[in-house]
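my_file.pdb follows; it contains PDB, C-alpha atoms.
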```
ATOM      1  CA  MET A   1       0.000   0.000   0.000
ATOM      2  CA  ALA A   2       1.516   3.318  -1.056
ATOM      3  CA  THR A   3       1.397   5.863   1.706
ATOM      4  CA  ALA A   4       2.729   9.349   2.280
ATOM      5  CA  SER A   5       5.211   7.937   4.785
ATOM      6  CA  ASN A   6       6.498   5.499   2.129
ATOM      7  CA  LYS A   7       7.347   8.446  -0.098
ATOM      8  CA  ARG A   8       9.418  10.057   2.621
ATOM      9  CA  LEU A   9      11.803   7.122   2.949
ATOM     10  CA  SER A  10      15.425   7.843   2.142
ATOM     11  CA  ALA A  11      17.127   5.759  -0.556
ATOM     12  CA  PRO A  12      18.826   3.411   1.975
ATOM     13  CA  GLU A  13      15.546   3.033   3.883
ATOM     14  CA  ARG A  14      13.672   2.252   0.668
ATOM     15  CA  ARG A  15      16.313  -0.278  -0.327
ATOM     16  CA  SER A  16      16.062  -1.887   3.090
ATOM     17  CA  SER A  17      12.242  -2.045   2.909
ATOM     18  CA  LEU A  18      12.480  -3.821  -0.462
ATOM     19  CA  ILE A  19      14.955  -6.336   0.957
ATOM     20  CA  THR A  20      12.739  -6.996   3.982
ATOM     21  CA  ALA A  21       9.650  -7.586   1.844
ATOM     22  CA  ALA A  22      11.561  -9.749  -0.634
ATOM     23  CA  LYS A  23      13.069 -11.817   2.171
ATOM     24  CA  SER A  24       9.662 -12.718   3.508
ATOM     25  CA  LEU A  25       8.242 -13.511   0.054
ATOM     26  CA  PHE A  26      11.257 -15.597  -1.024
ATOM     27  CA  ALA A  27      10.937 -17.523   2.247
ATOM     28  CA  ASP A  28       7.265 -18.301   1.555
ATOM     29  CA  LYS A  29       7.453 -18.997  -2.177
ATOM     30  CA  GLY A  30      11.070 -19.440  -3.259
ATOM     31  CA  PHE A  31      12.957 -17.402  -5.833
ATOM     32  CA  HIS A  32      10.939 -18.596  -8.829
ATOM     33  CA  GLY A  33       7.605 -18.338  -7.023
ATOM     34  CA  VAL A  34       7.815 -14.588  -6.478
ATOM     35  CA  SER A  35       7.261 -11.922  -9.120
ATOM     36  CA  ILE A  36       8.597  -8.381  -9.127
ATOM     37  CA  ASP A  37       4.970  -7.178  -8.974
ATOM     38  CA  GLU A  38       4.385  -9.038  -5.720
ATOM     39  CA  ILE A  39       7.449  -7.463  -4.142
ATOM     40  CA  VAL A  40       6.590  -3.917  -5.184
ATOM     41  CA  ASN A  41       2.971  -4.405  -4.104
ATOM     42  CA  ALA A  42       4.125  -5.561  -0.683
ATOM     43  CA  VAL A  43       6.149  -2.377  -0.279
ATOM     44  CA  GLY A  44       3.677  -0.081  -2.035
ATOM     45  CA  VAL A  45       5.980   1.261  -4.731
ATOM     46  CA  SER A  46       6.183   1.021  -8.511
ATOM     47  CA  PRO A  47       8.464  -1.450 -10.338
ATOM     48  CA  ALA A  48      10.493   1.564 -11.516
ATOM     49  CA  ILE A  49      11.413   2.332  -7.907
ATOM     50  CA  LEU A  50      12.552  -1.252  -7.370
ATOM     51  CA  TYR A  51      14.673  -1.184 -10.537
ATOM     52  CA  ARG A  52      16.273   2.034  -9.325
ATOM     53  CA  HIS A  53      17.755  -0.013  -6.465
ATOM     54  CA  PHE A  54      18.167  -3.453  -8.055
ATOM     55  CA  LYS A  55      18.792  -4.229 -11.724
ATOM     56  CA  SER A  56      16.962  -7.549 -11.547
ATOM     57  CA  LYS A  57      15.246 -10.067  -9.278
ATOM     58  CA  ASP A  58      18.586 -11.912  -9.147
ATOM     59  CA  GLU A  59      20.301  -8.839  -7.796
ATOM     60  CA  LEU A  60      17.581  -8.375  -5.187
ATOM     61  CA  TYR A  61      17.913 -12.028  -4.140
ATOM     62  CA  ASP A  62      21.689 -11.568  -3.806
ATOM     63  CA  ALA A  63      21.012  -8.522  -1.621
ATOM     64  CA  VAL A  64      18.750 -10.656   0.591
ATOM     65  CA  LEU A  65      21.533 -13.232   1.012
ATOM     66  CA  GLN A  66      24.019 -10.434   1.634
ATOM     67  CA  ASP A  67      21.711  -9.066   4.314
ATOM     68  CA  PHE A  68      21.688 -12.466   6.017
ATOM     69  CA  SER A  69      25.456 -12.698   5.819
ATOM     70  CA  CYS A  70      25.783  -9.269   7.458
ATOM     71  CA  GLN A  71      24.014 -10.807  10.435
ATOM     72  CA  ARG A  72      26.522 -13.642  10.322
ATOM     73  CA  GLU A  73      27.030 -15.487  13.576
ATOM     74  CA  SER A  74      30.173 -14.647  15.520
ATOM     75  CA  TYR A  75      31.911 -17.628  17.038
ATOM     76  CA  VAL A  76      34.817 -15.593  18.405
ATOM     77  CA  ASP A  77      33.335 -15.301  21.921
ATOM     78  CA  THR A  78      32.757 -19.050  22.021
ATOM     79  CA  ILE A  79      36.306 -19.855  20.960
ATOM     80  CA  VAL A  80      37.976 -17.305  23.221
ATOM     81  CA  ASN A  81      35.926 -18.220  26.266
ATOM     82  CA  SER A  82      35.398 -21.968  25.815
ATOM     83  CA  GLU A  83      37.453 -24.692  27.332
ATOM     84  CA  ALA A  84      39.656 -26.206  24.659
ATOM     85  CA  GLY A  85      37.707 -29.491  24.500
ATOM     86  CA  PHE A  86      35.956 -30.704  21.351
ATOM     87  CA  GLU A  87      32.571 -31.172  23.024
ATOM     88  CA  ALA A  88      32.561 -27.772  24.760
ATOM     89  CA  ILE A  89      33.316 -25.937  21.532
ATOM     90  CA  LEU A  90      30.856 -28.021  19.502
ATOM     91  CA  ARG A  91      28.115 -27.222  22.007
ATOM     92  CA  GLY A  92      29.086 -23.544  21.976
ATOM     93  CA  ILE A  93      29.085 -23.058  18.217
ATOM     94  CA  THR A  94      25.874 -25.081  17.845
ATOM     95  CA  ARG A  95      24.200 -22.786  20.378
ATOM     96  CA  VAL A  96      25.303 -19.652  18.476
ATOM     97  CA  PHE A  97      24.042 -21.106  15.190
ATOM     98  CA  ILE A  98      20.719 -22.200  16.658
ATOM     99  CA  ASP A  99      20.096 -18.795  18.226
ATOM    100  CA  SER A 100      20.675 -17.226  14.829
ATOM    101  CA  ILE A 101      18.224 -19.562  13.067
ATOM    102  CA  VAL A 102      15.564 -19.198  15.750
ATOM    103  CA  SER A 103      15.737 -15.421  15.375
ATOM    104  CA  GLN A 104      15.409 -15.569  11.578
ATOM    105  CA  PRO A 105      13.558 -18.728  10.474
ATOM    106  CA  ASP A 106      13.180 -17.214   6.981
ATOM    107  CA  LEU A 107      16.790 -18.190   6.413
ATOM    108  CA  LEU A 108      15.925 -21.857   6.869
ATOM    109  CA  LYS A 109      12.969 -21.599   4.475
ATOM    110  CA  ILE A 110      15.011 -19.819   1.814
ATOM    111  CA  GLU A 111      17.686 -22.502   2.149
ATOM    112  CA  LEU A 112      15.136 -25.264   1.508
ATOM    113  CA  TYR A 113      13.862 -23.500  -1.600
ATOM    114  CA  SER A 114      17.417 -22.939  -2.815
ATOM    115  CA  ILE A 115      18.074 -26.685  -2.625
ATOM    116  CA  LEU A 116      14.995 -27.441  -4.742
ATOM    117  CA  GLU A 117      15.527 -24.617  -7.196
ATOM    118  CA  GLY A 118      19.115 -25.677  -7.844
ATOM    119  CA  HIS A 119      20.718 -22.255  -8.284
ATOM    120  CA  GLN A 120      24.439 -22.934  -7.890
ATOM    121  CA  ALA A 121      25.444 -19.617  -6.273
ATOM    122  CA  HIS A 122      22.515 -19.740  -3.855
ATOM    123  CA  ARG A 123      23.307 -23.332  -2.872
ATOM    124  CA  GLU A 124      26.935 -22.423  -2.263
ATOM    125  CA  PHE A 125      25.909 -19.602   0.059
ATOM    126  CA  PHE A 126      24.063 -22.042   2.297
ATOM    127  CA  LEU A 127      26.664 -24.808   2.035
ATOM    128  CA  ASN A 128      29.178 -22.258   3.209
ATOM    129  CA  ARG A 129      27.114 -21.563   6.335
ATOM    130  CA  TRP A 130      27.117 -25.251   7.246
ATOM    131  CA  LYS A 131      30.879 -25.427   6.722
ATOM    132  CA  THR A 132      31.129 -23.936  10.218
ATOM    133  CA  PHE A 133      30.258 -27.360  11.559
ATOM    134  CA  THR A 134      31.622 -29.666   8.919
ATOM    135  CA  ASP A 135      35.063 -27.976   8.949
ATOM    136  CA  TYR A 136      35.253 -27.901  12.721
ATOM    137  CA  ILE A 137      34.136 -31.508  13.213
ATOM    138  CA  GLU A 138      36.276 -32.930  10.429
ATOM    139  CA  TYR A 139      39.380 -31.090  11.602
ATOM    140  CA  SER A 140      38.823 -31.968  15.272
ATOM    141  CA  LEU A 141      38.119 -35.645  14.628
ATOM    142  CA  ASN A 142      41.245 -35.929  12.498
ATOM    143  CA  GLU A 143      43.199 -34.292  15.312
ATOM    144  CA  LEU A 144      41.705 -36.658  17.917
ATOM    145  CA  GLN A 145      42.597 -39.637  15.723
ATOM    146  CA  SER A 146      46.173 -38.434  15.323
ATOM    147  CA  LYS A 147      46.436 -38.220  19.132
ATOM    148  CA  GLY A 148      45.073 -41.760  19.477
ATOM    149  CA  ARG A 149      41.950 -40.587  21.344
ATOM    150  CA  LEU A 150      39.611 -41.825  18.657
ATOM    151  CA  SER A 151      39.560 -45.019  16.642
ATOM    152  CA  LYS A 152      39.652 -44.712  12.878
ATOM    153  CA  ILE A 153      36.441 -43.234  11.517
ATOM    154  CA  ASP A 154      35.498 -41.235   8.457
ATOM    155  CA  SER A 155      35.607 -37.710   9.866
ATOM    156  CA  LYS A 156      34.078 -36.111   6.771
ATOM    157  CA  ALA A 157      31.070 -38.452   6.863
ATOM    158  CA  SER A 158      30.722 -37.888  10.621
ATOM    159  CA  ALA A 159      30.629 -34.127  10.075
ATOM    160  CA  LEU A 160      27.940 -34.549   7.436
ATOM    161  CA  MET A 161      25.870 -36.710   9.781
ATOM    162  CA  TYR A 162      26.052 -34.048  12.481
ATOM    163  CA  GLN A 163      24.890 -31.452   9.966
ATOM    164  CA  GLY A 164      21.994 -33.725   8.976
ATOM    165  CA  MET A 165      20.901 -34.274  12.567
ATOM    166  CA  LEU A 166      21.088 -30.588  13.370
ATOM    167  CA  ARG A 167      19.142 -29.621  10.266
ATOM    168  CA  GLU A 168      16.415 -32.136  11.109
ATOM    169  CA  VAL A 169      16.084 -30.793  14.656
ATOM    170  CA  LEU A 170      15.818 -27.264  13.280
ATOM    171  CA  LEU A 171      13.201 -28.231  10.701
ATOM    172  CA  LEU A 172      11.160 -30.088  13.282
ATOM    173  CA  LYS A 173      11.255 -27.394  15.940
ATOM    174  CA  CYS A 174      11.476 -24.151  13.947
ATOM    175  CA  LEU A 175       9.359 -24.805  10.866
ATOM    176  CA  GLN A 176       7.073 -27.781  11.239
ATOM    177  CA  GLN A 177       5.685 -27.223  14.731
ATOM    178  CA  SER A 178       5.187 -30.963  14.598
ATOM    179  CA  GLU A 179       3.438 -32.980  17.296
ATOM    180  CA  HIS A 180       6.226 -35.485  16.874
ATOM    181  CA  LEU A 181       8.689 -35.220  19.777
ATOM    182  CA  LYS A 182       6.687 -32.352  21.247
ATOM    183  CA  GLU A 183       7.670 -33.548  24.725
ATOM    184  CA  TYR A 184      11.166 -32.161  24.082
ATOM    185  CA  SER A 185      12.028 -28.490  23.811
ATOM    186  CA  LEU A 186      14.507 -27.395  21.164
ATOM    187  CA  GLU A 187      17.198 -27.119  23.852
ATOM    188  CA  GLU A 188      16.515 -30.613  25.197
ATOM    189  CA  LEU A 189      16.541 -32.144  21.761
ATOM    190  CA  LEU A 190      19.823 -30.431  20.907
ATOM    191  CA  ASP A 191      21.363 -31.535  24.163
ATOM    192  CA  LYS A 192      20.391 -35.158  23.464
ATOM    193  CA  MET A 193      21.586 -34.936  19.891
ATOM    194  CA  ILE A 194      25.013 -33.616  20.837
ATOM    195  CA  SER A 195      25.393 -36.105  23.710
ATOM    196  CA  GLN A 196      24.534 -39.025  21.439
ATOM    197  CA  PHE A 197      26.941 -37.792  18.788
ATOM    198  CA  ILE A 198      29.762 -37.459  21.321
ATOM    199  CA  ASN A 199      28.965 -40.858  22.907
ATOM    200  CA  SER A 200      28.965 -42.553  19.520
ATOM    201  CA  LEU A 201      32.565 -41.427  18.976
ATOM    202  CA  GLU A 202      33.708 -43.402  22.068
ATOM    203  CA  LEU A 203      36.555 -40.985  22.780
ATOM    204  CA  ASN A 204      39.221 -42.254  25.149
TER     205      ASN A 204
ATOM    206  CA  MET B 205      54.939  -6.463   7.106
ATOM    207  CA  SER B 206      57.180  -9.463   6.454
ATOM    208  CA  SER B 207      58.788 -10.616   9.689
ATOM    209  CA  PHE B 208      56.996 -13.297  11.693
ATOM    210  CA  ASP B 209      57.828 -16.167  14.031
ATOM    211  CA  SER B 210      55.124 -18.639  13.101
ATOM    212  CA  GLU B 211      52.714 -19.105  10.215
ATOM    213  CA  LEU B 212      49.201 -20.508   9.992
ATOM    214  CA  ASP B 213      47.478 -21.554   6.769
ATOM    215  CA  ALA B 214      43.720 -21.225   7.336
ATOM    216  CA  LYS B 215      42.806 -20.990   3.656
ATOM    217  CA  GLY B 216      39.555 -22.709   2.716
ATOM    218  CA  LEU B 217      38.369 -22.866   6.325
ATOM    219  CA  ASN B 218      35.333 -21.150   7.782
ATOM    220  CA  CYS B 219      35.025 -19.593  11.207
ATOM    221  CA  PRO B 220      35.494 -20.845  13.908
ATOM    222  CA  LEU B 221      38.424 -22.952  12.707
ATOM    223  CA  PRO B 222      40.803 -20.107  11.728
ATOM    224  CA  ILE B 223      40.202 -18.489  15.127
ATOM    225  CA  LEU B 224      40.586 -21.773  17.001
ATOM    226  CA  ARG B 225      43.812 -22.647  15.201
ATOM    227  CA  ALA B 226      45.150 -19.117  15.706
ATOM    228  CA  LYS B 227      44.380 -19.375  19.425
ATOM    229  CA  LYS B 228      46.406 -22.595  19.619
ATOM    230  CA  ALA B 229      49.259 -21.196  17.517
ATOM    231  CA  ILE B 230      49.480 -18.043  19.643
ATOM    232  CA  ALA B 231      49.506 -20.139  22.828
ATOM    233  CA  ALA B 232      52.713 -21.746  21.559
ATOM    234  CA  LEU B 233      54.413 -18.353  21.008
ATOM    235  CA  ALA B 234      56.361 -16.284  23.511
ATOM    236  CA  SER B 235      55.195 -12.793  24.416
ATOM    237  CA  GLY B 236      56.150 -10.306  21.667
ATOM    238  CA  GLN B 237      56.365 -12.927  18.913
ATOM    239  CA  THR B 238      54.280 -12.627  15.768
ATOM    240  CA  LEU B 239      51.949 -15.036  13.986
ATOM    241  CA  LYS B 240      51.114 -14.683  10.304
ATOM    242  CA  ILE B 241      47.723 -16.072   9.237
ATOM    243  CA  GLU B 242      46.410 -16.597   5.726
ATOM    244  CA  ALA B 243      42.644 -17.089   5.361
ATOM    245  CA  THR B 244      40.048 -17.005   2.593
ATOM    246  CA  ASP B 245      36.841 -16.520   4.618
ATOM    247  CA  PRO B 246      35.838 -12.833   4.199
ATOM    248  CA  GLY B 247      34.321 -12.989   7.698
ATOM    249  CA  SER B 248      37.809 -13.570   9.097
ATOM    250  CA  VAL B 249      38.547  -9.824   8.871
ATOM    251  CA  LYS B 250      35.954  -8.956  11.514
ATOM    252  CA  ASP B 251      36.650 -12.162  13.425
ATOM    253  CA  PHE B 252      40.355 -11.457  13.905
ATOM    254  CA  GLU B 253      39.631  -7.861  14.913
ATOM    255  CA  ALA B 254      37.230  -9.159  17.577
ATOM    256  CA  PHE B 255      39.634 -11.925  18.569
ATOM    257  CA  CYS B 256      42.487  -9.474  19.197
ATOM    258  CA  LYS B 257      40.227  -7.072  21.060
ATOM    259  CA  GLN B 258      39.102  -9.840  23.383
ATOM    260  CA  THR B 259      42.443 -11.546  23.909
ATOM    261  CA  GLY B 260      44.587  -8.403  24.180
ATOM    262  CA  ASN B 261      46.916  -9.561  21.397
ATOM    263  CA  GLU B 262      47.824  -6.888  18.870
ATOM    264  CA  LEU B 263      46.544  -7.017  15.299
ATOM    265  CA  LEU B 264      49.588  -5.521  13.570
ATOM    266  CA  SER B 265      48.035  -5.624  10.112
ATOM    267  CA  SER B 266      45.090  -6.954   8.135
ATOM    268  CA  ALA B 267      45.238  -6.948   4.339
ATOM    269  CA  GLU B 268      43.745  -8.594   1.282
ATOM    270  CA  GLU B 269      46.057 -10.003  -1.386
ATOM    271  CA  GLY B 270      44.597 -11.735  -4.414
ATOM    272  CA  GLY B 271      41.527 -13.021  -2.617
ATOM    273  CA  ASN B 272      43.456 -14.104   0.476
ATOM    274  CA  PHE B 273      43.283 -12.278   3.791
ATOM    275  CA  ILE B 274      46.619 -11.873   5.563
ATOM    276  CA  PHE B 275      46.840 -11.082   9.267
ATOM    277  CA  PHE B 276      49.833 -10.438  11.508
ATOM    278  CA  ILE B 277      49.144 -10.812  15.214
ATOM    279  CA  LYS B 278      51.660 -10.024  17.948
ATOM    280  CA  LYS B 279      51.250 -11.967  21.177
ATOM    281  CA  SER B 280      50.758  -9.724  24.204
TER     282      SER B 280
END
```

Please go through the file and, once you have read it, give me the structure as structure tokens.
Amino acid sequence: MATASNKRLSAPERRSSLITAAKSLFADKGFHGVSIDEIVNAVGVSPAILYRHFKSKDELYDAVLQDFSCQRESYVDTIVNSEAGFEAILRGITRVFIDSIVSQPDLLKIELYSILEGHQAHREFFLNRWKTFTDYIEYSLNELQSKGRLSKIDSKASALMYQGMLREVLLLKCLQQSEHLKEYSLEELLDKMISQFINSLELN
Amino acid sequence: MSSFDSELDAKGLNCPLPILRAKKAIAALASGQTLKIEATDPGSVKDFEAFCKQTGNELLSSAEEGGNFIFFIKKS
């Protein structure tokens, strides 16, 4: 809806309002499911205004991803303040990541659409986010094996399994509001998941 | 900036690994010694600034060279 207040927005504010509206629409319908008309209608401006800020829908989508990456999680506190142990750090970085997803569930929805829509650059953006865990787990398990604290396992596959478990917990608790496992809160489920993962490694 | 006492290759790794490995590498240095870090994660620029602020180590320089981010950190 076009209003007088809309017209008073500065260029950065207008750009930001377009990104916010697009983020919500892309989360609900995916990149291909949203038209430029829908985005401009949601903000109450003409397509010409949108094209003044973004050359194309692709560029607007990139700006949405960029906006998410500006709110990128910081793991520095966790690393500086954690004990050096594998489990303590894994729990710490998982907590930071979960807090970020809970505060912006649109990110999870847009990721799911990006997997189905198969856009290479979009997929890489999300794969890169998960690398936080896969890199850390793979590196740490290799290190534990070299110190003889862990029997020989495939650290890359283990990292992928952790990612899969975490993604499933997030989908179940943040998007599906499923009755399944409703007796557990997100925190309880995460705690169990991490404990089971650590126990399965049988560290000595 | 060219003189350093230890070097860490964190290319291709995402946070938190570069920070974690830098923390370990700095722990092995004596006070006043310098660690050079090479990373490719663009987020590492902010991360190493925050890391040095929190740990009290000095970020001597932070630069981009051909897509790599180069940091020199002096242990406090």

How would you write, as an mmCIF file with C-alpha atoms, in the coordinates of the input, the residues chosen by the ChimeraX specification (/B :<8) & /A on this structure?
```cif
data_model
loop_
_atom_site.group_PDB
_atom_site.id
_atom_site.type_symbol
_atom_site.label_atom_id
_atom_site.label_comp_id
_atom_site.auth_asym_id
_atom_site.auth_seq_id
_atom_site.Cartn_x
_atom_site.Cartn_y
_atom_site.Cartn_z
ATOM 1 C CA SER A 74 30.173 -14.647 15.520
ATOM 2 C CA TYR A 75 31.911 -17.628 17.038
ATOM 3 C CA VAL A 76 34.817 -15.593 18.405
ATOM 4 C CA ASP A 77 33.335 -15.301 21.921
ATOM 5 C CA ILE A 79 36.306 -19.855 20.960
ATOM 6 C CA VAL A 80 37.976 -17.305 23.221
ATOM 7 C CA ASN A 128 29.178 -22.258 3.209
ATOM 8 C CA LYS A 131 30.879 -25.427 6.722
ATOM 9 C CA THR A 132 31.129 -23.936 10.218
ATOM 10 C CA ASP A 135 35.063 -27.976 8.949
ATOM 11 C CA TYR A 136 35.253 -27.901 12.721
#
```

Next item on the list: May I have the residues within 10 Å of Phe126 in chain A as a PyMOL selection string, using only C-alpha atoms and disregarding those fewer than 5 positions away in the same chain?
Entry: chain A and resi 65+107-108+110-112+114-115+121+131

Margin query: Which residue is closest to Leu150 in chain A? Choose from A:Glu168, A:Asp99, A:Glu202, A:Glu117 and count only C-alpha atoms.
Written below: A:Glu202

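Under the PyMOL selection byres ((chain B and resi 262) around 10), the matching residues in the shown file are Gly236, Thr238, Glu253, Phe255, Cys256, Lys257, Thr259, Gly260, Asn261, Leu263, Leu264, Ser265, Phe276, Ile277, Lys278, Lys279 and Ser280 of chain B.
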
Check: Looking at all atoms listed in the file, which of A:Cys174, A:Leu90, A:Val102, A:Ala48 is the one that sits closest to Thr134 in chain A?
Finding: A:Leu90

Pop range 189-202 of chain A out of the structure in the block and write N, CA and C atoms as a JSON list (two decimals), in the first residue's frame.
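Output saved as part.json:
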```json
[["chain", "number", "residue", "atom", "x", "y", "z"],
["A", 189, "LEU", "N", 16.26, -31.30, 22.93],
["A", 189, "LEU", "CA", 16.54, -32.14, 21.76],
["A", 189, "LEU", "C", 17.99, -31.96, 21.29],
["A", 190, "LEU", "N", 18.45, -30.71, 21.30],
["A", 190, "LEU", "CA", 19.82, -30.43, 20.91],
["A", 190, "LEU", "C", 20.81, -31.07, 21.86],
["A", 191, "ASP", "N", 20.49, -30.96, 23.15],
["A", 191, "ASP", "CA", 21.36, -31.54, 24.16],
["A", 191, "ASP", "C", 21.50, -33.05, 23.95],
["A", 192, "LYS", "N", 20.37, -33.70, 23.70],
["A", 192, "LYS", "CA", 20.39, -35.16, 23.46],
["A", 192, "LYS", "C", 21.17, -35.48, 22.19],
["A", 193, "MET", "N", 20.92, -34.68, 21.17],
["A", 193, "MET", "CA", 21.59, -34.94, 19.89],
["A", 193, "MET", "C", 23.11, -34.84, 20.04],
["A", 194, "ILE", "N", 23.56, -33.80, 20.70],
["A", 194, "ILE", "CA", 25.01, -33.62, 20.84],
["A", 194, "ILE", "C", 25.60, -34.72, 21.73],
["A", 195, "SER", "N", 24.89, -35.05, 22.81],
["A", 195, "SER", "CA", 25.39, -36.10, 23.71],
["A", 195, "SER", "C", 25.51, -37.42, 22.96],
["A", 196, "GLN", "N", 24.50, -37.75, 22.17],
["A", 196, "GLN", "CA", 24.53, -39.02, 21.44],
["A", 196, "GLN", "C", 25.66, -39.03, 20.41],
["A", 197, "PHE", "N", 25.86, -37.88, 19.77],
["A", 197, "PHE", "CA", 26.94, -37.79, 18.79],
["A", 197, "PHE", "C", 28.29, -38.02, 19.47],
["A", 198, "ILE", "N", 28.49, -37.33, 20.59],
["A", 198, "ILE", "CA", 29.76, -37.46, 21.32],
["A", 198, "ILE", "C", 29.94, -38.90, 21.82],
["A", 199, "ASN", "N", 28.87, -39.48, 22.39],
["A", 199, "ASN", "CA", 28.97, -40.86, 22.91],
["A", 199, "ASN", "C", 29.31, -41.85, 21.79],
["A", 200, "SER", "N", 28.74, -41.61, 20.62],
["A", 200, "SER", "CA", 28.96, -42.55, 19.52],
["A", 200, "SER", "C", 30.43, -42.57, 19.07],
["A", 201, "LEU", "N", 31.16, -41.49, 19.38],
["A", 201, "LEU", "CA", 32.57, -41.43, 18.98],
["A", 201, "LEU", "C", 33.45, -42.30, 19.87],
["A", 202, "GLU", "N", 32.95, -42.59, 21.09],
["A", 202, "GLU", "CA", 33.71, -43.40, 22.07],
["A", 202, "GLU", "C", 35.14, -42.88, 22.23]]
```
